[in-house]
>>> print(open('work_3.cif').read())   # mmCIF, C-alpha atoms
data_model
loop_
_atom_site.label_atom_id
_atom_site.label_comp_id
_atom_site.auth_asym_id
_atom_site.auth_seq_id
_atom_site.Cartn_x
_atom_site.Cartn_y
_atom_site.Cartn_z
CA MET A 37 18.44 85.82 70.35
CA LYS A 38 17.26 85.11 66.86
CA THR A 39 17.89 81.70 65.44
CA THR A 40 16.73 79.87 62.34
CA ILE A 41 14.10 77.22 62.91
CA SER A 42 12.92 74.72 60.33
CA TYR A 43 9.51 73.10 60.72
CA PRO A 44 8.71 69.43 60.10
CA THR A 45 7.15 69.05 56.69
CA LYS A 46 6.57 66.24 54.28
CA GLU A 47 8.10 66.94 50.91
CA ALA A 48 10.98 68.90 52.45
CA MET A 49 13.05 67.85 49.45
CA GLY A 50 10.10 67.90 47.04
CA LYS A 51 8.41 64.91 45.49
CA THR A 52 11.31 62.47 45.71
CA GLY A 53 9.37 59.93 43.64
CA SER A 54 10.88 61.66 40.61
CA TRP A 55 14.26 60.12 41.53
CA ARG A 56 12.90 56.66 40.83
CA VAL A 57 14.13 54.43 38.00
CA PHE A 58 12.45 51.19 39.11
CA ARG A 59 8.95 51.14 40.54
CA PRO A 60 8.02 48.60 43.23
CA VAL A 61 4.71 46.92 42.40
CA LEU A 62 2.97 44.85 45.09
CA HIS A 63 1.20 41.65 44.09
CA GLU A 64 -1.49 41.45 46.74
CA ASP A 65 -2.27 37.80 46.01
CA LYS A 66 1.22 36.81 47.18
CA CYS A 67 1.45 39.23 50.15
CA ILE A 68 1.46 37.53 53.57
CA LYS A 69 1.34 40.86 55.48
CA CYS A 70 4.56 40.30 57.40
CA TRP A 71 5.22 44.08 57.11
CA MET A 72 8.92 43.63 56.42
CA CYS A 73 8.64 46.15 53.55
CA TRP A 74 7.02 48.65 55.90
CA VAL A 75 9.61 48.33 58.67
CA PHE A 76 12.60 48.50 56.30
CA CYS A 77 11.42 51.27 53.94
CA PRO A 78 14.11 53.97 54.29
CA GLU A 79 11.66 56.58 53.06
CA SER A 80 8.64 55.87 55.32
CA ALA A 81 6.84 55.64 51.97
CA ILE A 82 4.93 52.44 52.77
CA ARG A 83 1.74 52.76 54.82
CA LYS A 84 0.03 50.06 56.82
CA GLU A 85 -3.40 49.63 55.32
CA GLU A 86 -5.17 46.40 54.46
CA PHE A 87 -2.13 45.67 52.34
CA PRO A 88 1.15 47.63 52.31
CA LYS A 89 0.39 50.86 50.44
CA ILE A 90 3.33 52.35 48.56
CA ASP A 91 3.34 56.14 48.21
CA TYR A 92 4.70 56.67 44.70
CA ASP A 93 4.98 60.42 45.24
CA PHE A 94 7.94 59.78 47.54
CA CYS A 95 9.24 56.24 46.89
CA LYS A 96 12.81 56.65 45.61
CA GLY A 97 12.80 53.18 44.09
CA CYS A 98 15.70 51.78 46.12
CA GLY A 99 14.22 48.26 46.04
CA VAL A 100 14.93 47.39 49.69
CA CYS A 101 11.26 46.32 50.07
CA ALA A 102 11.48 43.95 47.08
CA ASN A 103 14.79 42.55 48.30
CA GLU A 104 13.51 41.91 51.83
CA CYS A 105 10.07 40.51 50.90
CA PRO A 106 10.22 36.84 51.98
CA VAL A 107 7.65 35.74 49.37
CA ASN A 108 8.77 37.96 46.46
CA ALA A 109 5.44 39.75 46.35
CA ILE A 110 7.06 43.02 45.25
CA GLU A 111 8.29 43.33 41.70
CA MET A 112 10.60 46.11 40.49
CA ARG A 113 9.43 47.44 37.12
CA ARG A 114 11.33 49.99 35.07
CA GLU A 115 9.56 53.33 34.98
CA GLU A 116 8.25 54.36 31.59
CA LYS A 117 8.53 57.89 30.35
CA MET B 147 9.97 40.77 72.21
CA VAL B 148 7.60 42.94 70.18
CA ALA B 149 6.59 41.62 66.75
CA ILE B 150 7.18 43.65 63.61
CA LYS B 151 3.48 44.15 63.01
CA ASP B 152 3.08 45.61 66.52
CA LEU B 153 5.71 48.33 66.15
CA PRO B 154 4.17 51.82 66.47
CA GLU B 155 2.89 53.35 63.25
CA GLU B 156 3.95 56.92 64.04
CA GLU B 157 6.63 58.17 61.67
CA TYR B 158 9.19 60.72 62.82
CA VAL B 159 11.25 60.61 59.64
CA LEU B 160 8.96 62.16 57.07
CA GLU B 161 8.56 61.31 53.41
CA GLY B 162 10.35 63.44 50.87
CA ASN B 163 13.62 63.72 52.81
CA ALA B 164 17.05 64.18 51.24
CA ALA B 165 18.53 60.75 52.06
CA CYS B 166 20.04 58.67 49.27
CA PRO B 167 17.80 55.83 48.06
CA GLY B 168 18.39 52.78 50.27
CA CYS B 169 19.87 54.84 53.13
CA PRO B 170 20.44 52.82 56.33
CA ILE B 171 20.32 55.91 58.57
CA THR B 172 16.66 56.60 57.96
CA ILE B 173 15.83 52.91 58.54
CA ALA B 174 17.67 53.04 61.88
CA LEU B 175 16.28 56.42 62.92
CA ARG B 176 12.70 55.44 62.08
CA THR B 177 12.94 52.41 64.38
CA VAL B 178 14.76 54.24 67.19
CA LEU B 179 12.30 57.14 67.21
CA LYS B 180 9.35 54.73 67.16
CA ALA B 181 10.78 53.39 70.43
CA LEU B 182 11.58 56.77 72.01
CA GLY B 183 8.36 58.52 71.00
CA LYS B 184 7.58 62.18 70.43
CA ASP B 185 8.95 63.44 73.75
CA THR B 186 12.48 63.34 72.44
CA ILE B 187 14.98 66.09 71.73
CA MET B 188 17.63 65.13 69.24
CA THR B 189 21.02 66.65 68.66
CA VAL B 190 22.82 65.99 65.39
CA PRO B 191 26.42 66.92 64.58
CA ALA B 192 27.73 67.44 61.04
CA SER B 193 26.85 64.18 59.33
CA CYS B 194 24.56 62.70 56.73
CA SER B 195 21.72 63.13 59.23
CA ALA B 196 22.15 66.89 59.04
CA VAL B 197 21.70 66.68 55.28
CA ILE B 198 18.77 64.27 55.35
CA GLN B 199 16.70 66.94 57.12
CA SER B 200 16.96 68.90 53.85
CA LEU B 201 16.79 72.67 53.51
CA TYR B 202 15.59 75.59 55.63
CA PRO B 203 12.72 76.38 56.28
CA LYS B 204 11.68 72.74 56.16
CA THR B 205 12.90 69.68 58.01
CA SER B 206 12.14 65.98 57.61
CA PHE B 207 12.59 65.08 61.26
CA ALA B 208 9.39 65.38 63.28
CA VAL B 209 11.10 65.70 66.67
CA PRO B 210 12.88 68.84 67.93
CA THR B 211 16.38 68.66 66.49
CA LEU B 212 19.44 70.74 67.22
CA ASN B 213 22.10 70.87 64.53
CA ILE B 214 25.46 71.37 66.14
CA ALA B 215 29.17 71.41 65.31
CA PHE B 216 30.92 68.15 64.44
CA GLU B 217 32.61 67.55 67.82
CA ALA B 218 29.74 68.74 70.00
CA ALA B 219 26.93 66.13 69.84
CA ALA B 220 27.49 64.79 73.36
CA ALA B 221 28.38 68.22 74.77
CA SER B 222 25.16 69.76 73.45
CA ALA B 223 23.19 66.78 74.76
CA SER B 224 24.65 67.52 78.21
CA GLY B 225 23.48 71.11 77.89
CA ILE B 226 19.99 70.11 76.78
CA GLU B 227 19.72 67.62 79.62
CA ALA B 228 20.84 70.22 82.18
CA ALA B 229 18.32 72.75 80.84
CA LEU B 230 15.49 70.19 80.92
CA HIS B 231 16.45 69.18 84.44
CA ALA B 232 16.44 72.81 85.59
CA GLN B 233 12.90 73.13 84.21
CA GLY B 234 11.81 69.94 85.94
CA LYS B 235 11.14 68.18 82.64
CA ASP B 236 12.74 64.87 83.44
CA ASP B 237 10.41 62.84 81.23
CA VAL B 238 11.97 64.09 77.99
CA THR B 239 14.52 61.81 76.33
CA VAL B 240 17.69 63.42 75.00
CA LEU B 241 19.11 61.64 71.98
CA ALA B 242 22.49 62.37 70.44
CA TRP B 243 22.42 60.95 66.92
CA ALA B 244 25.88 60.91 65.37
CA GLY B 245 27.79 59.06 62.71
CA ASP B 246 31.00 57.16 63.27
CA GLY B 247 33.10 60.16 62.20
CA GLY B 248 31.40 62.31 64.84
CA SER B 249 31.76 59.57 67.47
CA TYR B 250 34.95 57.60 66.86
CA ASP B 251 37.13 60.51 65.84
CA ILE B 252 35.92 64.07 66.09
CA GLY B 253 33.34 63.79 68.87
CA LEU B 254 35.24 61.35 71.07
CA GLN B 255 36.33 63.71 73.84
CA ALA B 256 32.88 65.27 74.16
CA LEU B 257 31.34 61.79 74.26
CA SER B 258 33.81 60.59 76.87
CA GLY B 259 33.16 63.71 78.95
CA ALA B 260 29.38 63.27 78.84
CA LEU B 261 29.61 59.58 79.73
CA GLU B 262 31.93 60.32 82.62
CA ARG B 263 29.69 63.11 83.96
CA GLY B 264 26.76 60.72 84.07
CA THR B 265 24.59 62.82 81.73
CA ASN B 266 21.14 61.24 81.42
CA PHE B 267 20.98 60.78 77.64
CA ILE B 268 21.15 58.23 74.85
CA TYR B 269 24.06 58.45 72.48
CA VAL B 270 23.51 56.55 69.25
CA CYS B 271 26.36 56.10 66.83
CA TYR B 272 25.16 54.82 63.46
CA ASN B 273 28.29 53.25 62.15
CA ASN B 274 28.78 53.25 58.39
CA GLN B 275 32.52 52.82 58.88
CA MET B 276 33.54 55.94 56.96
CA TYR B 277 32.87 59.66 56.48
CA SER B 278 30.10 59.11 53.96
CA ASN B 279 28.71 62.62 53.91
CA THR B 280 31.91 64.29 52.75
CA GLY B 281 32.51 61.68 50.04
CA VAL B 282 33.86 58.52 51.68
CA GLN B 283 37.03 59.22 53.67
CA ARG B 284 38.56 56.82 56.17
CA SER B 285 37.49 57.05 59.80
CA GLY B 286 38.56 55.32 62.98
CA ALA B 287 35.76 52.83 62.32
CA THR B 288 36.88 51.82 58.81
CA PRO B 289 37.86 48.13 58.92
CA TYR B 290 41.13 46.63 57.75
CA GLY B 291 41.48 46.39 53.99
CA ALA B 292 38.58 48.68 53.10
CA TRP B 293 38.89 51.11 50.25
CA THR B 294 38.01 54.76 50.87
CA THR B 295 39.07 57.85 48.93
CA THR B 296 41.87 58.37 51.46
CA THR B 297 42.88 54.70 51.71
CA TRP B 298 42.63 53.80 48.05
CA THR B 299 44.86 50.73 48.34
CA GLY B 300 42.91 49.48 51.33
CA LYS B 301 43.19 50.63 54.94
CA LYS B 302 46.25 49.23 56.68
CA GLU B 303 44.95 49.50 60.24
CA ARG B 304 42.16 47.80 62.12
CA GLN B 305 39.16 49.76 63.34
CA LYS B 306 38.96 50.75 66.98
CA ASN B 307 36.21 49.52 69.23
CA LEU B 308 34.21 52.44 70.56
CA ALA B 309 31.65 50.29 72.37
CA GLU B 310 34.54 48.93 74.46
CA ILE B 311 35.67 52.49 75.22
CA ALA B 312 32.10 53.34 76.26
CA MET B 313 32.00 50.26 78.51
CA ALA B 314 35.23 51.39 80.15
CA HIS B 315 33.32 54.42 81.46
CA ASN B 316 31.21 52.08 83.64
CA ILE B 317 27.94 53.40 82.26
CA PRO B 318 24.67 51.55 82.90
CA TYR B 319 23.89 50.51 79.34
CA VAL B 320 25.88 49.82 76.17
CA ALA B 321 24.31 48.04 73.21
CA THR B 322 25.16 47.26 69.62
CA ALA B 323 22.48 46.54 67.04
CA SER B 324 21.90 46.07 63.35
CA ILE B 325 19.26 47.66 61.13
CA ALA B 326 18.44 44.16 59.84
CA TYR B 327 17.01 43.21 63.25
CA PRO B 328 14.46 45.98 63.85
CA THR B 329 12.66 44.31 66.76
CA ASP B 330 15.98 43.87 68.57
CA LEU B 331 16.90 47.49 67.85
CA TYR B 332 13.46 48.65 69.02
CA ARG B 333 13.74 46.69 72.25
CA LYS B 334 17.21 48.08 72.96
CA ALA B 335 16.15 51.68 72.30
CA LYS B 336 13.10 51.18 74.52
CA LYS B 337 15.27 49.74 77.28
CA ALA B 338 17.78 52.60 76.96
CA LYS B 339 14.89 55.05 77.38
CA GLU B 340 13.90 53.51 80.72
CA ILE B 341 17.43 53.47 82.20
CA LYS B 342 18.73 56.58 83.97
CA GLY B 343 22.22 57.78 83.19
CA PRO B 344 24.34 57.71 80.05
CA LYS B 345 23.48 55.08 77.46
CA TYR B 346 25.58 54.28 74.43
CA MET B 347 24.26 52.43 71.38
CA GLU B 348 25.91 51.59 68.12
CA ILE B 349 24.09 50.49 64.96
CA ILE B 350 25.74 49.03 61.89
CA ALA B 351 24.60 51.05 58.87
CA PRO B 352 25.80 49.76 55.49
CA CYS B 353 26.09 52.75 53.14
CA PRO B 354 25.41 51.81 49.48
CA PRO B 355 27.48 54.55 47.78
CA GLY B 356 30.31 54.29 50.32
CA TRP B 357 30.58 50.52 50.55
CA ARG B 358 29.93 50.17 46.82
CA PHE B 359 26.95 47.84 46.65
CA ASP B 360 23.48 48.00 45.13
CA MET B 361 21.05 50.20 47.07
CA SER B 362 18.47 47.40 47.37
CA LYS B 363 20.93 45.33 49.44
CA THR B 364 21.23 47.67 52.46
CA VAL B 365 19.35 45.44 54.88
CA GLU B 366 20.80 42.23 53.43
CA MET B 367 24.28 43.64 54.02
CA ALA B 368 23.49 44.51 57.64
CA LYS B 369 22.09 41.03 58.14
CA LEU B 370 25.12 39.34 56.57
CA ALA B 371 27.45 41.39 58.76
CA VAL B 372 25.79 39.79 61.78
CA GLU B 373 25.52 36.28 60.33
CA THR B 374 29.20 36.22 59.34
CA GLY B 375 30.24 37.51 62.75
CA ALA B 376 31.77 40.67 61.27
CA TRP B 377 29.38 42.61 63.50
CA LEU B 378 28.34 41.43 66.96
CA MET B 379 25.06 42.38 68.58
CA TYR B 380 25.24 42.58 72.35
CA GLU B 381 24.04 44.38 75.43
CA PHE B 382 26.16 45.42 78.38
CA GLU B 383 23.97 46.05 81.37
CA ASN B 384 25.20 46.56 84.92
CA GLY B 385 28.47 44.84 84.11
CA LYS B 386 26.81 41.85 82.46
CA LEU B 387 27.44 41.17 78.78
CA THR B 388 24.77 39.27 76.81
CA PHE B 389 24.68 38.51 73.11
CA ASN B 390 21.58 38.67 70.93
CA GLY B 391 20.42 36.93 67.78
CA PRO B 392 22.97 35.03 65.68
CA SER B 393 25.86 36.69 67.56
CA LYS B 394 25.04 34.59 70.63
CA GLY B 395 25.77 31.31 68.88
CA ILE B 396 28.80 32.67 67.06
CA VAL B 397 30.46 33.91 70.25
CA GLU B 398 29.59 30.79 72.23
CA GLY B 399 30.80 28.58 69.41
CA SER B 400 27.50 26.72 68.98
CA ARG B 401 26.69 28.32 65.63
CA GLU B 402 28.86 28.12 62.54
CA PRO B 403 29.07 31.67 61.13
CA LYS B 404 28.64 32.17 57.39
CA PRO B 405 32.00 32.63 55.64
CA VAL B 406 33.04 36.26 55.90
CA GLU B 407 33.93 36.24 52.18
CA ASP B 408 30.19 36.25 51.43
CA TRP B 409 29.98 39.64 53.08
CA LEU B 410 33.28 41.02 51.79
CA LYS B 411 32.70 40.04 48.16
CA MET B 412 29.37 41.83 47.96
CA GLN B 413 31.12 45.13 48.61
CA GLY B 414 33.16 47.05 46.05
CA ARG B 415 35.28 48.58 48.80
CA PHE B 416 36.87 45.18 49.50
CA ARG B 417 37.52 44.41 45.84
CA ASN B 418 41.29 44.73 46.18
CA LEU B 419 41.67 42.30 49.08
CA THR B 420 44.29 39.60 48.62
CA GLU B 421 43.97 36.06 49.98
CA GLU B 422 46.32 37.02 52.87
CA ASP B 423 44.12 40.01 53.70
CA ILE B 424 41.07 37.76 53.91
CA GLN B 425 42.95 35.32 56.14
CA LYS B 426 44.01 38.21 58.37
CA ILE B 427 40.43 39.47 58.60
CA LYS B 428 39.28 35.96 59.54
CA ARG B 429 41.96 35.67 62.23
CA ASP B 430 41.03 39.07 63.63
CA LEU B 431 37.36 38.12 63.73
CA LYS B 432 38.11 34.84 65.54
CA GLU B 433 40.23 36.72 68.05
CA GLY B 434 37.37 39.13 68.62
CA TRP B 435 34.83 36.33 69.23
CA GLU B 436 37.25 34.65 71.62
CA PHE B 437 37.75 37.93 73.49
CA TYR B 438 34.01 38.46 73.87
CA ARG B 439 33.38 34.85 74.84
CA LYS B 440 35.82 35.22 77.72
CA LYS B 441 34.48 38.62 78.62
CA SER B 442 30.87 37.40 78.77
CA GLN B 443 31.96 34.66 81.19
CA LEU B 444 33.71 37.10 83.53
CA PHE B 445 30.65 38.18 85.49
#
>>> encode(input="work_3.cif", output="structure tokens")
Amino acid sequence: MKTTISYPTKEAMGKTGSWRVFRPVLHEDKCIKCWMCWVFCPESAIRKEEFPKIDYDFCKGCGVCANECPVNAIEMRREEK
Amino acid sequence: MVAIKDLPEEEYVLEGNAACPGCPITIALRTVLKALGKDTIMTVPASCSAVIQSLYPKTSFAVPTLNIAFEAAAASASGIEAALHAQGKDDVTVLAWAGDGGSYDIGLQALSGALERGTNFIYVCYNNQMYSNTGVQRSGATPYGAWTTTTWTGKKERQKNLAEIAMAHNIPYVATASIAYPTDLYRKAKKAKEIKGPKYMEIIAPCPPGWRFDMSKTVEMAKLAVETGAWLMYEFENGKLTFNGPSKGIVEGSREPKPVEDWLKMQGRFRNLTEEDIQKIKRDLKEGWEFYRKKSQLF
């Protein structure tokens, strides 16, 4: 029987970073590395490196990370054209 | 309990998916799949989760996923489990991942059947209290007073309690969780994986476009639902009911819940509530806590 199979791929919906209106910017001096932003990112667009690393190719700019950051280390800045 | 920084780093929900910004489903699914690991087969009925995978020939879910008809999540999970068992692959976890429409309403008989047959699988209902995918219609999980496109003066009925229905099947594990408590959710999913037999889990998933709130507030909303007592987090294991996090104090009466208005007023769907409606919601919540307090003392 023939059936349609999709294969796991990043970018299945393209570079979703283009949806973004506000860009989260991390201030590393304030970051306490609690990883709340990482665990709550709906997009899996935050990596665990020395500091949280935001992947701007895919971040949709929802702002959950900035809202959940307990020390307000993430600032939402309007994207410029 | 595992700390947030110690959660596994593997991602099974890939970047560049089709979810709305601030989607609670991907937050929940990320955490659940971190707990279940790569040896998982998922079955998804018609729901937002079917859309989030995006378009053929690509998918954003990095575990084998079967997309199935709306009513058939639990039925297909039974089939997958039987096939795995026949091949001797008993170490693979079968996960049915359905929304509240596919669980409370359309998938209820298949779910009940699978629970009754003792199928060895995990059924997770992510509950956003409406049919979000088709444009916000009322479901059996929509609470009293909530606006949807089919209850535009506010729903007149209370929601049903599917976790109670699942418990009535005498299954080994029933749990409710919230996306705002990821370590609790992770622990529950991990526990469900270890238990043999049917497991039912329900996760509150506040939907920004459906509930009418800002997309950055998804997690805050899920947290407030727990802190106000509008959503209770508990585990039902071998007949014993235990409460987790803030719900424990609220049910036992040792913790003063936040006023439920805080939660209601953040959501556009409750904008038309009158003072009587709010009083009714408060009475209903109190009744619910009282019911669970008595129930947790039974065994």
>>> residues_near_point(input="work_3.cif", point="(13.1, 54.5, 62.8)", cutoff="9 Å", atoms="all atoms listed in the file", output="ChimeraX atom specification")
/A:75-76,78,80 /B:157-159,171-181,328,332
>>> interface_residues(input="work_3.cif", of="chain B", to="chain A", cutoff="6 Å", atoms="only C-alpha atoms", output="list in words")
Leu160, Glu161, Gly162, Asn163, Ala164, Pro167, Gly168, Cys169, Thr172, Ile173, Ser200, Tyr202, Pro203, Lys204, Thr205, Ser206, Phe207, Ala208, Met361 and Ser362 of chain B
>>> resolve_selection(input="work_3.cif", expression="the PyMOL selection byres ((chain B and resi 423-436) around 9)", output="PyMOL selection string")
chain B and resi 290-291+304+375-376+378+396-399+405-407+410+419-422+437-441
>>> closest_residue(input="work_3.cif", among="A:Cys73, A:Cys67, A:Leu62, A:Glu85", to="Ile110 of chain A", atoms="all atoms listed in the file")
A:Leu62
>>> atom_distance(input="work_3.cif", atom1="atom CA of Ile349 of chain B", atom2="atom CA of Val107 of chain A")
27.0 Å
>>> closest_residue(input="work_3.cif", among="B:Lys345, B:Lys235, B:Ala228, B:Gln305", to="Ala292 of chain B", atoms="only C-alpha atoms")
B:Gln305
>>> residues_near_point(input="work_3.cif", point="(25.5, 71.8, 57.0)", cutoff="12 Å", atoms="only C-alpha atoms", output="ChimeraX atom specification")
/B:190-202,212-216,279-280
>>> write_last_selection(input="work_3.cif", atoms="C-alpha atoms", output="PDB file, in the frame of the given file")
ATOM      1  CA  VAL B 190      22.820  65.990  65.390  1.00  0.00           C
ATOM      2  CA  PRO B 191      26.420  66.920  64.580  1.00  0.00           C
ATOM      3  CA  ALA B 192      27.730  67.440  61.040  1.00  0.00           C
ATOM      4  CA  SER B 193      26.850  64.180  59.330  1.00  0.00           C
ATOM      5  CA  CYS B 194      24.560  62.700  56.730  1.00  0.00           C
ATOM      6  CA  SER B 195      21.720  63.130  59.230  1.00  0.00           C
ATOM      7  CA  ALA B 196      22.150  66.890  59.040  1.00  0.00           C
ATOM      8  CA  VAL B 197      21.700  66.680  55.280  1.00  0.00           C
ATOM      9  CA  ILE B 198      18.770  64.270  55.350  1.00  0.00           C
ATOM     10  CA  GLN B 199      16.700  66.940  57.120  1.00  0.00           C
ATOM     11  CA  SER B 200      16.960  68.900  53.850  1.00  0.00           C
ATOM     12  CA  LEU B 201      16.790  72.670  53.510  1.00  0.00           C
ATOM     13  CA  TYR B 202      15.590  75.590  55.630  1.00  0.00           C
ATOM     14  CA  LEU B 212      19.440  70.740  67.220  1.00  0.00           C
ATOM     15  CA  ASN B 213      22.100  70.870  64.530  1.00  0.00           C
ATOM     16  CA  ILE B 214      25.460  71.370  66.140  1.00  0.00           C
ATOM     17  CA  ALA B 215      29.170  71.410  65.310  1.00  0.00           C
ATOM     18  CA  PHE B 216      30.920  68.150  64.440  1.00  0.00           C
ATOM     19  CA  ASN B 279      28.710  62.620  53.910  1.00  0.00           C
ATOM     20  CA  THR B 280      31.910  64.290  52.750  1.00  0.00           C
TER      21      THR B 280
END
>>> resolve_selection(input="work_3.cif", expression="the PyMOL selection byres ((chain A and resi 58) around 6)", output="list in words")
Arg56, Val57, Arg59, Gly97, Met112, Arg113, Arg114 and Glu115 of chain A
>>> atom_distance(input="work_3.cif", atom1="atom CA of Asp330 of chain B", atom2="atom CA of Met367 of chain B")
16.8 Å
>>> atom_distance(input="work_3.cif", atom1="atom CA of Ala109 of chain A", atom2="atom CA of His63 of chain A")
5.2 Å
>>> resolve_selection(input="work_3.cif", expression="the PyMOL selection byres ((chain B and resi 239-255) around 9)", output="VMD selection string")
chain B and resid 175 182 to 183 185 to 195 216 to 224 226 to 227 236 to 238 256 to 260 266 to 278 284 to 287 306 to 308 339 348
>>> closest_residue(input="work_3.cif", among="B:Pro355, B:Pro392, B:Gly343, B:Pro170", to="Thr294 of chain B", atoms="all atoms listed in the file")
B:Pro355
>>> axis_aligned_box(input="work_3.cif", around="segment 158-171 of chain B", padding_each_side="8 Å", output="JSON")
{"center_x": 14.5, "center_y": 58.5, "center_z": 55.4, "size_x": 27.9, "size_y": 27.4, "size_z": 30.8}
